[in-house]
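Shown next: entry11.tsv, containing TSV, C-alpha atoms.
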chain	number	residue	atom	x	y	z
I	14	MET	CA	-9.42	-13.31	-25.14
I	15	GLY	CA	-11.74	-15.95	-23.78
I	16	ARG	CA	-15.16	-16.58	-25.14
I	17	ASN	CA	-18.02	-15.06	-23.16
I	18	LYS	CA	-19.75	-18.03	-21.51
I	19	PHE	CA	-22.91	-16.09	-20.67
I	20	LYS	CA	-23.68	-14.88	-24.18
I	21	PRO	CA	-26.63	-16.80	-25.66
I	22	ASN	CA	-25.95	-18.74	-28.83
I	23	PRO	CA	-28.68	-17.95	-31.40
I	24	GLY	CA	-27.65	-20.91	-33.57
I	25	ARG	CA	-28.10	-23.35	-30.72
I	26	ASN	CA	-31.49	-21.86	-29.88
I	27	THR	CA	-32.68	-22.38	-33.47
I	28	ARG	CA	-31.30	-25.92	-33.67
I	29	LEU	CA	-32.87	-26.89	-30.35
I	30	ALA	CA	-36.23	-25.36	-31.35
I	31	ASP	CA	-36.17	-27.32	-34.61
I	32	GLN	CA	-35.30	-30.55	-32.78
I	33	ILE	CA	-38.08	-29.98	-30.24
I	34	GLN	CA	-40.56	-29.36	-33.07
I	35	LYS	CA	-39.50	-32.56	-34.86
I	36	ASP	CA	-39.59	-34.76	-31.75
I	37	LEU	CA	-42.78	-33.23	-30.40
I	38	ALA	CA	-44.56	-33.75	-33.74
I	39	GLY	CA	-43.84	-37.47	-33.55
I	40	LEU	CA	-44.92	-37.67	-29.91
I	41	ILE	CA	-48.18	-35.83	-30.57
I	42	GLN	CA	-48.93	-38.13	-33.48
I	43	ARG	CA	-48.50	-41.19	-31.23
I	44	GLU	CA	-49.89	-39.92	-27.92
I	45	LEU	CA	-52.95	-37.82	-28.79
I	46	ASP	CA	-56.32	-39.18	-29.86
I	47	VAL	CA	-57.10	-37.85	-33.36
I	48	SER	CA	-60.85	-38.27	-32.88
I	49	ARG	CA	-60.75	-35.77	-30.00
I	50	ALA	CA	-57.97	-33.33	-30.90
I	51	GLY	CA	-58.02	-33.57	-34.69
I	52	ILE	CA	-54.94	-33.67	-36.89
I	53	ILE	CA	-52.36	-31.37	-35.33
I	54	THR	CA	-49.49	-29.89	-37.30
I	55	LEU	CA	-46.74	-27.99	-35.52
I	56	THR	CA	-45.81	-24.78	-37.33
I	57	GLY	CA	-43.06	-23.48	-35.08
I	58	VAL	CA	-41.35	-23.45	-31.70
I	59	GLU	CA	-40.00	-20.36	-29.96
I	60	LEU	CA	-37.59	-20.89	-27.07
I	61	SER	CA	-36.77	-18.44	-24.30
I	62	VAL	CA	-33.12	-17.41	-23.99
I	63	ASP	CA	-32.61	-19.67	-20.96
I	64	TYR	CA	-34.40	-22.62	-22.68
I	65	ALA	CA	-36.85	-22.83	-19.78
I	66	HIS	CA	-40.01	-22.05	-21.77
I	67	ALA	CA	-41.20	-22.97	-25.25
I	68	LYS	CA	-44.13	-21.59	-27.19
I	69	VAL	CA	-45.31	-24.31	-29.54
I	70	TYR	CA	-47.43	-23.04	-32.44
I	71	PHE	CA	-49.82	-25.44	-34.17
I	72	THR	CA	-52.66	-25.69	-36.67
I	73	VAL	CA	-55.46	-28.22	-36.48
I	74	MET	CA	-57.81	-29.95	-38.91
I	75	GLY	CA	-60.89	-31.89	-37.87
I	76	ALA	CA	-61.42	-30.17	-34.51
I	77	GLN	CA	-61.97	-26.75	-33.04
I	78	PRO	CA	-58.75	-24.94	-32.06
I	79	GLU	CA	-60.00	-24.58	-28.46
I	80	VAL	CA	-60.54	-28.35	-28.15
I	81	ALA	CA	-57.10	-29.09	-29.59
I	82	THR	CA	-55.47	-26.51	-27.29
I	83	ALA	CA	-57.18	-28.07	-24.28
I	84	ALA	CA	-56.07	-31.58	-25.32
I	85	LEU	CA	-52.48	-30.42	-25.79
I	86	ALA	CA	-52.46	-28.52	-22.50
I	87	GLU	CA	-53.78	-31.63	-20.74
I	88	LYS	CA	-50.94	-33.74	-22.16
I	89	ALA	CA	-48.23	-31.04	-21.84
I	90	GLY	CA	-46.63	-32.59	-18.74
I	91	TRP	CA	-46.59	-36.07	-20.27
I	92	LEU	CA	-45.13	-34.73	-23.53
I	93	HIS	CA	-42.52	-32.81	-21.51
I	94	SER	CA	-41.39	-35.99	-19.75
I	95	LEU	CA	-41.19	-37.94	-23.03
I	96	LEU	CA	-39.29	-35.07	-24.64
I	97	PHE	CA	-36.83	-35.12	-21.73
I	98	LYS	CA	-36.03	-38.77	-22.49
I	99	LEU	CA	-35.46	-38.01	-26.17
I	100	LEU	CA	-33.39	-34.83	-25.98
I	101	HIS	CA	-30.80	-35.66	-23.29
I	102	ILE	CA	-30.30	-32.04	-22.31
I	103	HIS	CA	-30.14	-30.47	-18.86
I	104	THR	CA	-33.19	-28.21	-19.18
I	105	VAL	CA	-36.18	-29.29	-21.23
I	106	PRO	CA	-38.49	-26.30	-21.64
I	107	THR	CA	-42.00	-26.08	-20.24
I	108	LEU	CA	-44.40	-26.41	-23.17
I	109	ARG	CA	-47.10	-23.84	-23.92
I	110	PHE	CA	-49.31	-24.59	-26.91
I	111	ILE	CA	-50.68	-21.71	-29.01
I	112	HIS	CA	-53.02	-22.06	-32.00
I	113	ASP	CA	-51.40	-20.47	-35.07
I	114	ASP	CA	-54.06	-18.61	-37.03
I	115	GLN	CA	-51.65	-17.19	-39.64
I	116	LEU	CA	-52.70	-19.82	-42.18
I	117	ALA	CA	-56.40	-19.01	-41.80
I	118	ARG	CA	-55.72	-15.28	-42.05
I	119	GLY	CA	-53.59	-15.85	-45.15
I	120	ILE	CA	-56.37	-17.84	-46.82
I	121	ALA	CA	-58.94	-15.15	-45.97
I	122	LEU	CA	-56.66	-12.44	-47.37
I	123	SER	CA	-56.07	-14.46	-50.54
I	124	GLN	CA	-59.84	-14.90	-51.01
I	125	LEU	CA	-60.32	-11.17	-50.55
I	126	ILE	CA	-57.70	-10.44	-53.22
I	127	ASP	CA	-59.33	-12.96	-55.58
I	128	ARG	CA	-62.72	-11.27	-55.12
I	129	ALA	CA	-61.21	-7.86	-55.82
I	130	ASN	CA	-59.60	-9.19	-59.01
I	131	GLN	CA	-62.89	-10.72	-60.20
I	132	SER	CA	-64.91	-7.51	-59.81
I	133	PRO	CA	-66.06	-5.58	-62.92
I	134	ALA	CA	-63.22	-3.80	-64.73
I	135	GLY	CA	-64.79	-0.35	-64.46
I	136	LEU	CA	-65.14	-0.52	-60.70
I	137	PHE	CA	-61.53	0.12	-59.75
I	138	THR	CA	-60.28	2.18	-62.72
I	139	PRO	CA	-59.04	5.61	-61.66
I	140	SER	CA	-60.60	8.63	-63.31
I	141	VAL	CA	-58.23	10.22	-65.84
I	142	PRO	CA	-58.95	13.69	-67.25
I	143	GLU	CA	-59.65	13.70	-70.99
I	144	ASP	CA	-57.18	16.51	-71.62
I	145	PRO	CA	-53.74	15.53	-70.23
I	146	ASP	CA	-52.67	19.22	-70.08
I	147	GLU	CA	-55.70	20.18	-68.01
I	148	GLN	CA	-54.94	20.79	-64.35
I	149	PRO	CA	-57.48	19.58	-61.78
Would you put the structure from the file into structure tokens?
Amino acid sequence: MGRNKFKPNPGRNTRLADQIQKDLAGLIQRELDVSRAGIITLTGVELSVDYAHAKVYFTVMGAQPEVATAALAEKAGWLHSLLFKLLHIHTVPTLRFIHDDQLARGIALSQLIDRANQSPAGLFTPSVPEDPDEQP
């Protein structure tokens, strides 16, 4: 039996997404002005099955996420052309930049847990009947 040529290869998709993230991180570091866009860290890349579109997730320090998103969107075409020269593949995906707020939500959740743990001990203790045989 021959191999199905139209079946997408999930391993290739992951490898290509990782390579795009690595190359794009270097390009962003060189091509974007830190004073305007802040320090941008790429957290992930999701590719469509046909490799035509890529969602690039990022976090930013030193700038508002909206400003960084606008700066990345402005340079998306230029970054796409530079990425094309680096990757040597037939289809380089169109880049769409999305601010990743998972880190901020994780920090907020962690702070909430810390506050709950620091509250007085009697606040969260369940009420236990004095007589264990007594039915409520």
Exercise. Between I:Lys88, I:Arg43, I:His66, I:Arg128, which has the minimum distance to Leu108 (chain I) (counting all atoms listed in the file)?
Worked result: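 Closest to Leu108 (chain I), using all atoms listed in the file: I:His66.
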Quick one: residues within 6 Å of Ile52 (chain I), only C-alpha atoms counted, chain neighbours fewer than 2 positions away excluded, as a short mmCIF file (atom, residue, chain, number, x, y, z; two decimals) with C-alpha atoms, keeping the file's coordinate frame?
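Saved the output as out_23.cif:
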data_model
loop_
_atom_site.label_atom_id
_atom_site.label_comp_id
_atom_site.auth_asym_id
_atom_site.auth_seq_id
_atom_site.Cartn_x
_atom_site.Cartn_y
_atom_site.Cartn_z
CA VAL I 47 -57.10 -37.85 -33.36
CA VAL I 73 -55.46 -28.22 -36.48
CA MET I 74 -57.81 -29.95 -38.91
#
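Nearest residue to Ala30 (chain I) among I:Ile111, I:Val69, I:Leu45, I:Ala89 is I:Val69, counting only C-alpha atoms.
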Exercise. Just how far from CA of Val58 (chain I) is CA of Gln32 (chain I), in Å to one decimal?
Worked result: 9.4 Å
Exercise. Separation of CA of Arg109 (chain I) and CA of Pro23 (chain I), in Å?
Worked result: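 If I compute the distance from CA of Arg109 (chain I) to CA of Pro23 (chain I), I get 20.7 Å.
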Exercise. Do you have the CA of Gly39 (chain I)-CA of Ala117 (chain I) distance handy?
Worked result: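 The value is 23.8 Å.
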Exercise. Which residue out of I:Leu125, I:Lys68, I:Asp114, I:Thr107 has the minimum interatomic distance to Trp91 (chain I) when only C-alpha atoms are used?
Worked result: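 With only C-alpha atoms as the atom set, the closest residue is I:Thr107.
Nearest to Tyr70 (chain I) of all the residues I:His93, I:His112, I:Lys98, I:Arg118 is I:His112, based on all atoms listed in the file.
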Exercise. Gly75 (chain I): which residues within 10 Å, counting all atoms listed in the file, same-chain residues fewer than 6 positions away excluded, as a ChimeraX atom specification?
Worked result: /I:47-53,81
For this session: Kindly extract all protein, DNA and RNA residues lying within 7 Å of the coordinates (-33.8, -16.3, -30.8) given in the file, considering only C-alpha atoms, and supply them as a PyMOL selection string.
Result: chain I and resi 23+26-27+62
Coordinates of box centre and edge lengths for region 108-117 of chain I, 5 Å on every side, axis-aligned, as AutoDock Vina command-line options:
--center_x -50.4 --center_y -21.8 --center_z -32.7 --size_x 22.0 --size_y 19.2 --size_z 29.0
Problem set entry | Pick from I:Thr104, I:Asp127, I:Ala38, I:Asp113, whichever lies nearest to Tyr64 (chain I) using all atoms listed in the file | I:Thr104
For C-alpha atoms, please extract region 19-133 of chain I from the block and return it as a PDB file, in the first residue's frame.
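The resulting decode-v2.pdb:
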ATOM      1  CA  PHE I  19      -2.774  14.155   1.294  1.00  0.00           C
ATOM      2  CA  LYS I  20      -2.702  13.218   4.969  1.00  0.00           C
ATOM      3  CA  PRO I  21      -1.202  16.051   7.049  1.00  0.00           C
ATOM      4  CA  ASN I  22       1.915  15.206   9.019  1.00  0.00           C
ATOM      5  CA  PRO I  23       1.490  16.432  12.621  1.00  0.00           C
ATOM      6  CA  GLY I  24       5.211  16.012  13.330  1.00  0.00           C
ATOM      7  CA  ARG I  25       6.160  18.274  10.448  1.00  0.00           C
ATOM      8  CA  ASN I  26       3.629  20.880  11.564  1.00  0.00           C
ATOM      9  CA  THR I  27       5.161  20.962  15.052  1.00  0.00           C
ATOM     10  CA  ARG I  28       8.732  21.091  13.757  1.00  0.00           C
ATOM     11  CA  LEU I  29       7.903  23.888  11.316  1.00  0.00           C
ATOM     12  CA  ALA I  30       6.058  25.868  14.018  1.00  0.00           C
ATOM     13  CA  ASP I  31       9.066  25.550  16.335  1.00  0.00           C
ATOM     14  CA  GLN I  32      11.449  26.655  13.570  1.00  0.00           C
ATOM     15  CA  ILE I  33       9.238  29.638  12.714  1.00  0.00           C
ATOM     16  CA  GLN I  34       9.132  30.626  16.395  1.00  0.00           C
ATOM     17  CA  LYS I  35      12.926  30.395  16.692  1.00  0.00           C
ATOM     18  CA  ASP I  36      13.659  32.333  13.494  1.00  0.00           C
ATOM     19  CA  LEU I  37      10.953  34.913  14.093  1.00  0.00           C
ATOM     20  CA  ALA I  38      12.226  35.588  17.629  1.00  0.00           C
ATOM     21  CA  GLY I  39      15.641  36.493  16.224  1.00  0.00           C
ATOM     22  CA  LEU I  40      14.133  38.660  13.492  1.00  0.00           C
ATOM     23  CA  ILE I  41      11.907  40.536  15.938  1.00  0.00           C
ATOM     24  CA  GLN I  42      14.870  41.163  18.213  1.00  0.00           C
ATOM     25  CA  ARG I  43      16.825  42.705  15.314  1.00  0.00           C
ATOM     26  CA  GLU I  44      14.066  44.465  13.372  1.00  0.00           C
ATOM     27  CA  LEU I  45      11.740  46.003  15.977  1.00  0.00           C
ATOM     28  CA  ASP I  46      12.473  49.101  18.027  1.00  0.00           C
ATOM     29  CA  VAL I  47      12.441  48.131  21.720  1.00  0.00           C
ATOM     30  CA  SER I  48      11.651  51.685  22.831  1.00  0.00           C
ATOM     31  CA  ARG I  49       8.358  51.535  20.913  1.00  0.00           C
ATOM     32  CA  ALA I  50       7.268  47.896  21.092  1.00  0.00           C
ATOM     33  CA  GLY I  51       8.924  46.814  24.336  1.00  0.00           C
ATOM     34  CA  ILE I  52      10.662  43.500  24.877  1.00  0.00           C
ATOM     35  CA  ILE I  53       8.692  40.867  22.977  1.00  0.00           C
ATOM     36  CA  THR I  54       8.895  37.180  23.810  1.00  0.00           C
ATOM     37  CA  LEU I  55       7.245  34.631  21.539  1.00  0.00           C
ATOM     38  CA  THR I  56       5.345  31.990  23.502  1.00  0.00           C
ATOM     39  CA  GLY I  57       4.045  29.832  20.684  1.00  0.00           C
ATOM     40  CA  VAL I  58       3.164  29.425  17.022  1.00  0.00           C
ATOM     41  CA  GLU I  59       0.109  27.597  15.697  1.00  0.00           C
ATOM     42  CA  LEU I  60       0.097  26.654  12.013  1.00  0.00           C
ATOM     43  CA  SER I  61      -2.916  25.871   9.871  1.00  0.00           C
ATOM     44  CA  VAL I  62      -3.000  22.417   8.271  1.00  0.00           C
ATOM     45  CA  ASP I  63      -2.025  23.831   4.863  1.00  0.00           C
ATOM     46  CA  TYR I  64       0.777  25.981   6.397  1.00  0.00           C
ATOM     47  CA  ALA I  65      -0.793  29.111   4.895  1.00  0.00           C
ATOM     48  CA  HIS I  66      -1.538  30.888   8.185  1.00  0.00           C
ATOM     49  CA  ALA I  67       0.298  31.166  11.492  1.00  0.00           C
ATOM     50  CA  LYS I  68      -0.947  32.529  14.784  1.00  0.00           C
ATOM     51  CA  VAL I  69       2.062  33.862  16.654  1.00  0.00           C
ATOM     52  CA  TYR I  70       1.502  34.267  20.406  1.00  0.00           C
ATOM     53  CA  PHE I  71       3.663  36.714  22.346  1.00  0.00           C
ATOM     54  CA  THR I  72       4.109  38.463  25.680  1.00  0.00           C
ATOM     55  CA  VAL I  73       5.544  41.940  26.104  1.00  0.00           C
ATOM     56  CA  MET I  74       7.397  43.864  28.795  1.00  0.00           C
ATOM     57  CA  GLY I  75       7.905  47.611  28.754  1.00  0.00           C
ATOM     58  CA  ALA I  76       4.959  48.473  26.505  1.00  0.00           C
ATOM     59  CA  GLN I  77       1.218  48.072  26.316  1.00  0.00           C
ATOM     60  CA  PRO I  78       0.076  44.899  24.514  1.00  0.00           C
ATOM     61  CA  GLU I  79      -1.947  46.979  22.033  1.00  0.00           C
ATOM     62  CA  VAL I  80       1.124  49.025  21.063  1.00  0.00           C
ATOM     63  CA  ALA I  81       3.231  45.891  20.631  1.00  0.00           C
ATOM     64  CA  THR I  82       0.493  44.209  18.578  1.00  0.00           C
ATOM     65  CA  ALA I  83       0.271  47.263  16.319  1.00  0.00           C
ATOM     66  CA  ALA I  84       4.066  47.353  15.867  1.00  0.00           C
ATOM     67  CA  LEU I  85       4.162  43.650  15.011  1.00  0.00           C
ATOM     68  CA  ALA I  86       1.220  43.932  12.620  1.00  0.00           C
ATOM     69  CA  GLU I  87       2.946  46.857  10.902  1.00  0.00           C
ATOM     70  CA  LYS I  88       6.106  44.786  10.371  1.00  0.00           C
ATOM     71  CA  ALA I  89       4.303  41.487   9.585  1.00  0.00           C
ATOM     72  CA  GLY I  90       4.895  41.709   5.826  1.00  0.00           C
ATOM     73  CA  TRP I  91       8.573  42.549   6.264  1.00  0.00           C
ATOM     74  CA  LEU I  92       9.025  39.726   8.794  1.00  0.00           C
ATOM     75  CA  HIS I  93       7.231  37.369   6.386  1.00  0.00           C
ATOM     76  CA  SER I  94       9.666  38.200   3.579  1.00  0.00           C
ATOM     77  CA  LEU I  95      12.705  37.744   5.849  1.00  0.00           C
ATOM     78  CA  LEU I  96      11.276  34.472   7.131  1.00  0.00           C
ATOM     79  CA  PHE I  97      10.840  33.299   3.531  1.00  0.00           C
ATOM     80  CA  LYS I  98      14.574  33.797   2.935  1.00  0.00           C
ATOM     81  CA  LEU I  99      15.470  31.839   6.063  1.00  0.00           C
ATOM     82  CA  LEU I 100      13.120  28.859   5.786  1.00  0.00           C
ATOM     83  CA  HIS I 101      13.502  27.809   2.132  1.00  0.00           C
ATOM     84  CA  ILE I 102      10.043  26.265   1.964  1.00  0.00           C
ATOM     85  CA  HIS I 103       7.375  26.621  -0.706  1.00  0.00           C
ATOM     86  CA  THR I 104       4.699  28.254   1.454  1.00  0.00           C
ATOM     87  CA  VAL I 105       5.656  30.602   4.256  1.00  0.00           C
ATOM     88  CA  PRO I 106       2.568  31.297   6.358  1.00  0.00           C
ATOM     89  CA  THR I 107       0.914  34.677   6.729  1.00  0.00           C
ATOM     90  CA  LEU I 108       1.714  35.939  10.223  1.00  0.00           C
ATOM     91  CA  ARG I 109      -0.977  37.017  12.685  1.00  0.00           C
ATOM     92  CA  PHE I 110       0.250  38.263  16.052  1.00  0.00           C
ATOM     93  CA  ILE I 111      -1.849  37.644  19.175  1.00  0.00           C
ATOM     94  CA  HIS I 112      -1.003  38.838  22.687  1.00  0.00           C
ATOM     95  CA  ASP I 113      -0.802  35.835  25.045  1.00  0.00           C
ATOM     96  CA  ASP I 114      -2.392  36.771  28.358  1.00  0.00           C
ATOM     97  CA  GLN I 115      -2.016  33.309  29.922  1.00  0.00           C
ATOM     98  CA  LEU I 116       1.016  34.428  31.924  1.00  0.00           C
ATOM     99  CA  ALA I 117      -0.818  37.426  33.401  1.00  0.00           C
ATOM    100  CA  ARG I 118      -3.848  35.292  34.245  1.00  0.00           C
ATOM    101  CA  GLY I 119      -1.595  32.692  35.866  1.00  0.00           C
ATOM    102  CA  ILE I 120       0.090  35.332  38.026  1.00  0.00           C
ATOM    103  CA  ALA I 121      -3.296  36.764  39.073  1.00  0.00           C
ATOM    104  CA  LEU I 122      -4.559  33.286  39.969  1.00  0.00           C
ATOM    105  CA  SER I 123      -1.394  32.562  41.952  1.00  0.00           C
ATOM    106  CA  GLN I 124      -1.808  35.829  43.894  1.00  0.00           C
ATOM    107  CA  LEU I 125      -5.419  34.923  44.625  1.00  0.00           C
ATOM    108  CA  ILE I 126      -4.355  31.529  45.989  1.00  0.00           C
ATOM    109  CA  ASP I 127      -1.641  33.170  48.109  1.00  0.00           C
ATOM    110  CA  ARG I 128      -4.196  35.582  49.599  1.00  0.00           C
ATOM    111  CA  ALA I 129      -6.554  32.706  50.402  1.00  0.00           C
ATOM    112  CA  ASN I 130      -3.730  30.825  52.133  1.00  0.00           C
ATOM    113  CA  GLN I 131      -2.780  33.888  54.210  1.00  0.00           C
ATOM    114  CA  SER I 132      -6.299  34.485  55.543  1.00  0.00           C
ATOM    115  CA  PRO I 133      -7.109  33.731  59.218  1.00  0.00           C
TER     116      PRO I 133
END
